[in-house]
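**Student:** File query-v8.tsv below, TSV, C-alpha atoms:
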chain	number	residue	atom	x	y	z
G	1	SER	CA	14.27	-10.38	2.43
G	2	GLN	CA	11.14	-10.28	4.51
G	3	THR	CA	7.98	-12.27	3.93
G	4	ILE	CA	4.59	-11.25	5.26
G	5	HIS	CA	1.86	-13.80	5.89
G	6	GLN	CA	-1.80	-13.01	6.38
G	7	TRP	CA	-4.76	-15.22	7.15
G	8	PRO	CA	-7.38	-15.95	6.41
G	9	ALA	CA	-7.27	-15.00	2.73
G	10	THR	CA	-11.05	-14.59	2.50
G	11	LEU	CA	-13.68	-14.15	5.16
G	12	VAL	CA	-17.46	-13.71	5.10
G	13	GLN	CA	-18.95	-12.65	8.40
G	14	PRO	CA	-22.41	-11.53	9.58
G	15	VAL	CA	-22.97	-8.06	10.99
G	16	GLY	CA	-22.34	-8.01	14.72
G	17	SER	CA	-19.91	-10.93	14.73
G	18	PRO	CA	-16.33	-10.66	16.05
G	19	LEU	CA	-13.23	-10.47	13.87
G	20	SER	CA	-9.63	-11.56	14.19
G	21	LEU	CA	-7.13	-11.16	11.35
G	22	GLU	CA	-3.54	-12.22	11.82
G	23	CYS	CA	-0.30	-11.06	10.25
G	24	THR	CA	3.15	-12.55	10.80
G	25	VAL	CA	6.48	-11.40	9.41
G	26	GLU	CA	9.58	-13.45	8.58
G	27	GLY	CA	13.07	-12.32	7.73
G	28	THR	CA	13.38	-9.20	9.86
G	29	SER	CA	13.46	-8.18	13.50
G	30	ASN	CA	11.58	-5.38	15.25
G	31	PRO	CA	9.80	-4.20	12.11
G	32	ASN	CA	7.35	-1.33	12.02
G	33	LEU	CA	3.99	-2.95	11.27
G	34	TYR	CA	0.89	-1.47	9.67
G	35	TRP	CA	-2.73	-2.37	9.01
G	36	TYR	CA	-4.38	-0.79	5.98
G	37	ARG	CA	-7.85	-1.10	4.52
G	38	GLN	CA	-8.47	-0.78	0.81
G	39	ALA	CA	-12.08	-0.23	-0.27
G	40	ALA	CA	-13.22	-0.55	-3.86
G	41	GLY	CA	-12.32	2.59	-5.82
G	42	ARG	CA	-10.53	4.12	-2.88
G	43	GLY	CA	-6.93	4.36	-1.82
G	44	LEU	CA	-5.15	2.65	1.03
G	45	GLN	CA	-6.38	3.86	4.40
G	46	LEU	CA	-3.95	3.46	7.30
G	47	LEU	CA	-5.76	1.97	10.30
G	48	PHE	CA	-3.02	1.18	12.82
G	49	TYR	CA	0.74	1.14	13.08
G	50	SER	CA	3.14	-0.31	15.62
G	51	VAL	CA	6.81	0.44	16.27
G	52	GLY	CA	7.23	-2.32	18.87
G	53	ILE	CA	5.60	-4.99	21.04
G	54	GLY	CA	2.52	-3.60	22.76
G	55	GLN	CA	2.88	-0.21	21.05
G	56	ILE	CA	-0.15	0.55	18.89
G	57	SER	CA	-1.19	3.85	17.37
G	58	SER	CA	-4.55	4.40	15.69
G	59	GLU	CA	-4.98	6.66	12.71
G	60	VAL	CA	-8.74	6.43	12.32
G	61	PRO	CA	-11.27	6.09	15.20
G	62	GLN	CA	-13.54	3.10	14.55
G	63	ASN	CA	-14.75	-0.17	16.00
G	64	LEU	CA	-11.52	-1.95	15.11
G	65	SER	CA	-8.54	-2.54	17.39
G	66	ALA	CA	-5.04	-3.91	16.93
G	67	SER	CA	-2.56	-5.74	19.09
G	68	ARG	CA	1.06	-6.79	18.79
G	69	PRO	CA	1.67	-9.63	21.23
G	70	GLN	CA	5.01	-10.64	19.67
G	71	ASP	CA	7.71	-8.84	17.73
G	72	ARG	CA	6.59	-10.20	14.36
G	73	GLN	CA	2.88	-10.74	14.97
G	74	PHE	CA	0.17	-8.15	14.39
G	75	ILE	CA	-3.53	-8.80	14.97
G	76	LEU	CA	-6.56	-6.80	13.84
G	77	SER	CA	-9.76	-7.34	15.81
G	78	SER	CA	-13.31	-6.22	16.22
G	79	LYS	CA	-15.93	-7.13	18.80
G	80	LYS	CA	-18.88	-6.39	16.51
G	81	LEU	CA	-18.52	-6.00	12.75
G	82	LEU	CA	-20.39	-3.35	10.79
G	83	LEU	CA	-21.36	-3.47	7.11
G	84	SER	CA	-18.89	-0.64	6.53
G	85	ASP	CA	-16.02	-2.86	7.72
G	86	SER	CA	-16.09	-4.78	4.43
G	87	GLY	CA	-12.93	-4.34	2.40
G	88	PHE	CA	-9.48	-5.64	1.61
G	89	TYR	CA	-7.22	-5.62	4.67
G	90	LEU	CA	-3.50	-5.41	4.16
G	91	CYS	CA	-0.66	-5.86	6.61
G	92	ALA	CA	2.63	-4.14	5.82
G	93	ALA	CA	6.08	-4.08	7.36
G	94	GLY	CA	9.00	-1.72	6.96
G	95	VAL	CA	10.36	1.65	7.96
G	96	THR	CA	10.51	3.82	4.82
G	97	GLU	CA	9.87	1.18	2.17
G	98	GLN	CA	6.78	-0.78	3.12
G	99	PHE	CA	6.26	-4.37	2.04
G	100	PHE	CA	2.79	-5.82	1.92
G	101	GLY	CA	1.24	-9.18	2.64
G	102	PRO	CA	-1.26	-10.90	0.33
G	103	GLY	CA	-4.28	-9.37	2.07
G	104	THR	CA	-7.55	-10.59	3.56
G	105	ARG	CA	-10.79	-9.92	1.72
G	106	LEU	CA	-13.55	-9.36	4.29
G	107	THR	CA	-17.22	-9.28	3.39
G	108	VAL	CA	-19.69	-8.34	6.10
G	109	LEU	CA	-23.28	-9.34	5.33
T	1	GLN	CA	-7.18	19.23	-1.73
T	2	LYS	CA	-5.84	15.70	-1.37
T	3	GLU	CA	-2.20	15.33	-0.39
T	4	VAL	CA	-1.62	12.99	-3.34
T	5	GLU	CA	-3.53	13.14	-6.62
T	6	GLN	CA	-3.51	10.25	-9.09
T	7	ASP	CA	-5.75	9.68	-12.09
T	8	PRO	CA	-7.56	6.36	-11.58
T	9	GLY	CA	-7.80	5.66	-15.33
T	10	PRO	CA	-8.36	3.13	-16.73
T	11	LEU	CA	-5.48	3.51	-19.16
T	12	SER	CA	-5.39	1.16	-22.15
T	13	VAL	CA	-2.30	0.85	-24.35
T	14	PRO	CA	-1.15	-1.57	-27.05
T	15	GLU	CA	1.60	-4.04	-26.27
T	16	GLY	CA	5.04	-2.49	-26.77
T	17	ALA	CA	3.93	1.06	-26.00
T	18	ILE	CA	5.65	3.36	-23.53
T	19	VAL	CA	3.41	3.98	-20.53
T	20	SER	CA	3.54	7.13	-18.44
T	21	LEU	CA	1.90	7.15	-15.01
T	22	ASN	CA	1.86	10.28	-12.90
T	23	CYS	CA	1.09	11.68	-9.47
T	24	THR	CA	1.11	15.17	-8.04
T	25	TYR	CA	1.38	16.06	-4.40
T	26	SER	CA	0.92	19.10	-2.20
T	27	ASN	CA	2.92	18.28	0.93
T	28	SER	CA	6.46	19.64	0.74
T	29	ALA	CA	7.45	17.43	3.70
T	30	PHE	CA	7.45	14.27	1.59
T	31	GLN	CA	11.00	12.95	1.55
T	32	TYR	CA	10.83	9.69	-0.41
T	33	PHE	CA	8.73	8.32	-3.19
T	34	MET	CA	7.62	4.88	-4.25
T	35	TRP	CA	5.67	3.07	-6.93
T	36	TYR	CA	3.75	-0.13	-6.26
T	37	ARG	CA	2.15	-2.57	-8.66
T	38	GLN	CA	-1.02	-4.33	-7.51
T	39	TYR	CA	-2.59	-7.20	-9.40
T	40	SER	CA	-6.27	-7.88	-8.89
T	41	ARG	CA	-7.04	-9.30	-5.45
T	42	LYS	CA	-3.35	-9.27	-4.43
T	43	GLY	CA	-1.23	-7.15	-2.12
T	44	PRO	CA	0.79	-4.24	-3.56
T	45	GLU	CA	4.32	-5.06	-4.68
T	46	LEU	CA	7.06	-2.44	-4.35
T	47	LEU	CA	8.50	-1.57	-7.77
T	48	MET	CA	10.59	1.54	-7.26
T	49	TYR	CA	11.89	3.57	-4.33
T	50	THR	CA	13.70	6.90	-4.56
T	51	TYR	CA	14.38	9.85	-2.30
T	52	SER	CA	15.92	12.39	-4.63
T	53	SER	CA	14.85	14.40	-7.63
T	54	GLY	CA	15.83	12.93	-10.96
T	55	ASN	CA	15.50	9.57	-12.65
T	56	LYS	CA	15.99	6.05	-11.36
T	57	GLU	CA	15.96	3.14	-13.78
T	58	ASP	CA	15.33	-0.54	-13.13
T	59	GLY	CA	14.94	-2.68	-16.22
T	60	ARG	CA	11.93	-1.49	-18.19
T	61	PHE	CA	10.86	0.84	-15.38
T	62	THR	CA	12.00	4.43	-14.80
T	63	ALA	CA	10.87	6.50	-11.84
T	64	GLN	CA	11.13	10.26	-12.15
T	65	VAL	CA	10.79	12.78	-9.31
T	66	ASP	CA	10.53	16.55	-9.66
T	67	LYS	CA	10.36	17.99	-6.16
T	68	SER	CA	10.19	21.58	-7.40
T	69	SER	CA	6.98	20.80	-9.30
T	70	LYS	CA	5.75	18.23	-6.75
T	71	TYR	CA	5.32	15.71	-9.53
T	72	ILE	CA	6.39	12.08	-9.88
T	73	SER	CA	6.17	9.71	-12.81
T	74	LEU	CA	6.67	6.06	-13.63
T	75	PHE	CA	7.57	5.10	-17.17
T	76	ILE	CA	7.22	1.56	-18.47
T	77	ARG	CA	9.03	0.77	-21.70
T	78	ASP	CA	8.05	-2.03	-24.07
T	79	SER	CA	4.86	-2.66	-22.09
T	80	GLN	CA	3.68	-6.25	-21.83
T	81	PRO	CA	0.24	-7.77	-21.10
T	82	SER	CA	1.71	-8.93	-17.79
T	83	ASP	CA	2.10	-5.25	-16.84
T	84	SER	CA	-1.70	-4.99	-16.68
T	85	ALA	CA	-2.35	-4.03	-13.06
T	86	THR	CA	-3.11	-1.06	-10.83
T	87	TYR	CA	-0.13	1.19	-10.11
T	88	LEU	CA	-0.04	3.07	-6.83
T	89	CYS	CA	2.23	6.01	-6.14
T	90	ALA	CA	3.27	6.52	-2.54
T	91	MET	CA	5.13	9.23	-0.67
T	92	GLY	CA	6.58	9.25	2.80
T	93	ALA	CA	7.76	11.57	5.50
T	94	ASN	CA	8.64	11.45	9.18
T	95	SER	CA	5.50	12.04	11.22
T	96	GLY	CA	5.70	12.10	15.00
T	97	GLY	CA	8.54	9.59	15.19
T	98	TYR	CA	7.43	7.14	12.53
T	99	GLN	CA	7.53	7.11	8.77
T	100	LYS	CA	4.05	7.89	7.45
T	101	VAL	CA	3.35	6.84	3.87
T	102	THR	CA	0.52	8.39	1.86
T	103	PHE	CA	-0.77	6.50	-1.16
T	104	GLY	CA	-2.43	7.62	-4.35
T	105	ILE	CA	-5.71	6.00	-5.36
T	106	GLY	CA	-3.97	3.98	-8.08
T	107	THR	CA	-4.10	4.01	-11.89
T	108	LYS	CA	-5.50	0.91	-13.57
T	109	LEU	CA	-3.42	-0.05	-16.60
T	110	GLN	CA	-4.42	-2.49	-19.31
T	111	VAL	CA	-1.88	-3.57	-21.94
T	112	ILE	CA	-3.64	-5.02	-24.94
T	113	PRO	CA	-1.85	-7.80	-26.92
Have the structure of the file written as structure tokens, please.

**Tutor:**
Amino acid sequence: SQTIHQWPATLVQPVGSPLSLECTVEGTSNPNLYWYRQAAGRGLQLLFYSVGIGQISSEVPQNLSASRPQDRQFILSSKKLLLSDSGFYLCAAGVTEQFFGPGTRLTVL
Amino acid sequence: QKEVEQDPGPLSVPEGAIVSLNCTYSNSAFQYFMWYRQYSRKGPELLMYTYSSGNKEDGRFTAQVDKSSKYISLFIRDSQPSDSATYLCAMGANSGGYQKVTFGIGTKLQVIP
């Protein structure tokens, strides 16, 4: 079975600062990978997905970007954070069934 | 109209009750259906996965899909305080070469001892 790791678990950043969230997957090869954001009282919003190394598709235009430098590594980045970037960020892996990591809670002040 | 509709609750039930959680959807292209359980400040955990109409049982959990009515349900028998969590329905379909999953907003369940 696959295990998904995310770090950091919690992050507090000032507006305008950069961001880097990391996700790694164990127990599977060439997984589809996803970044979601979950805001309070709202559903899961798909941000990016990747079907392979270097292949990134964006679902929602914003100041975030994603990269997949290795088969089982997925990174979410921003050059300048906005207040609206606060939320719970989840990495997921899978094809039909999606399995989630523990999440990163980001607060932008 | 949202693709997936789910009542956010909260839903409070006494311990031992049968819980019924529901979602409706509008997109006929959805091919498979899932239920996730999410504890506070944790990632969602996959509970049930099914791709056909009918019932699927796993322990105290039963997932029911009615494609003709575009309606899915999750039943929890003999509910326990440890079942207190938010339950997300999810539905997937092939979209441009990858499997796109759409989630409901989640129903918050509280099981009272």

**Student:** Excluding Thr10 in chain G and its own-chain neighbours fewer than 5 positions away, which residues fall within 8 Å of it when counting only C-alpha atoms? Please give them as a PyMOL selection string.

**Tutor:** chain G and resi 104-106

**Student:** Need the shell around Thr28 in chain G: protein/DNA/RNA residues with any atom at most 9 Å away, counting only C-alpha atoms. Skip same-chain ones fewer than 4 positions apart. Format as a VMD selection string?

**Tutor:** chain G and resid 1 to 3 72

**Student:** Considering all atoms listed in the file, return as JSON, numbers by chain whatever protein or nucleic-acid residues lie within 9 Å of Tyr87 in chain T, sequence-local ones (same chain, fewer than 6 positions apart) excluded.

**Tutor:** {"T": [21, 35, 36, 37, 38, 39, 44, 104, 105, 106, 107, 108, 109]}

**Student:** Hey, list the chain T side of the contact with chain G: 6 Å cut-off, all atoms listed in the file, answer as a ChimeraX atom specification.

**Tutor:** /T:42-43,99,105

**Student:** Give the answer as one residue: which of G:Val15, G:Gln6, G:Arg68, G:Ala39 has the shortest atom-to-atom distance to Leu83 in chain G, using only C-alpha atoms?

**Tutor:** G:Val15

**Student:** Near range 18-21 of chain G, counting all atoms listed in the file, which residues have an atom at most 8 Å away, once you skip same-chain residues fewer than 6 positions from it, shown as a list in words?

**Tutor:** Gln6, Trp7, Pro8, Ile75, Leu76, Ser77, Ser78, Lys79, Lys80, Leu81 and Thr104 of chain G

**Student:** I'd like the contact shell of Val101 in chain T - 8 Å cut-off, all atoms listed in the file, skipping same-chain residues fewer than 4 positions apart - returned as a compact mmCIF listing (two decimals) with C-alpha atoms, in the coordinates of the input.

**Tutor:**
# COMPACT_ATOMS: atom_id res chain seq x y z
CA THR G 96 10.51 3.82 4.82
CA ALA T 90 3.27 6.52 -2.54
CA MET T 91 5.13 9.23 -0.67
CA GLY T 92 6.58 9.25 2.80
CA ALA T 93 7.76 11.57 5.50

**Student:** Taking into account only C-alpha atoms, which residue in the set T:Gln6, T:Ser68, T:Phe61, T:Arg41 is nearest to Ser28 in chain T?

**Tutor:**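 Of T:Gln6, T:Ser68, T:Phe61, T:Arg41, the one nearest Ser28 in chain T, counting only C-alpha atoms, is T:Ser68.
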
**Student:** What is the CA of Thr86 in chain T to CA of Ser40 in chain T distance in Å?

**Tutor:**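 Rounded to one decimal, the two atoms are 7.8 Å apart.
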
**Student:** Considering only C-alpha atoms, can you say which of G:Gln73, G:Ser86, G:Gln55, G:Gln62 comes closest to Ser29 in chain G?

**Tutor:** G:Gln73

**Student:** With distances taken over all atoms listed in the file, which of G:Tyr34, G:Ile4, G:Leu47, G:Leu109 is nearest to Glu59 in chain G?

**Tutor:** G:Leu47

**Student:** So how many Å separate CA of Trp35 in chain G and CA of Ser84 in chain G, to one decimal?

**Tutor:**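 Taking CA of Trp35 in chain G and CA of Ser84 in chain G, their separation equals 16.4 Å.
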
**Student:** Which of these residues is nearest to Leu82 in chain G, using all atoms listed in the file: G:Ser58, G:Gln70, G:Thr24, G:Thr107?

**Tutor:**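 Of G:Ser58, G:Gln70, G:Thr24, G:Thr107, the one nearest Leu82 in chain G, counting all atoms listed in the file, is G:Thr107.
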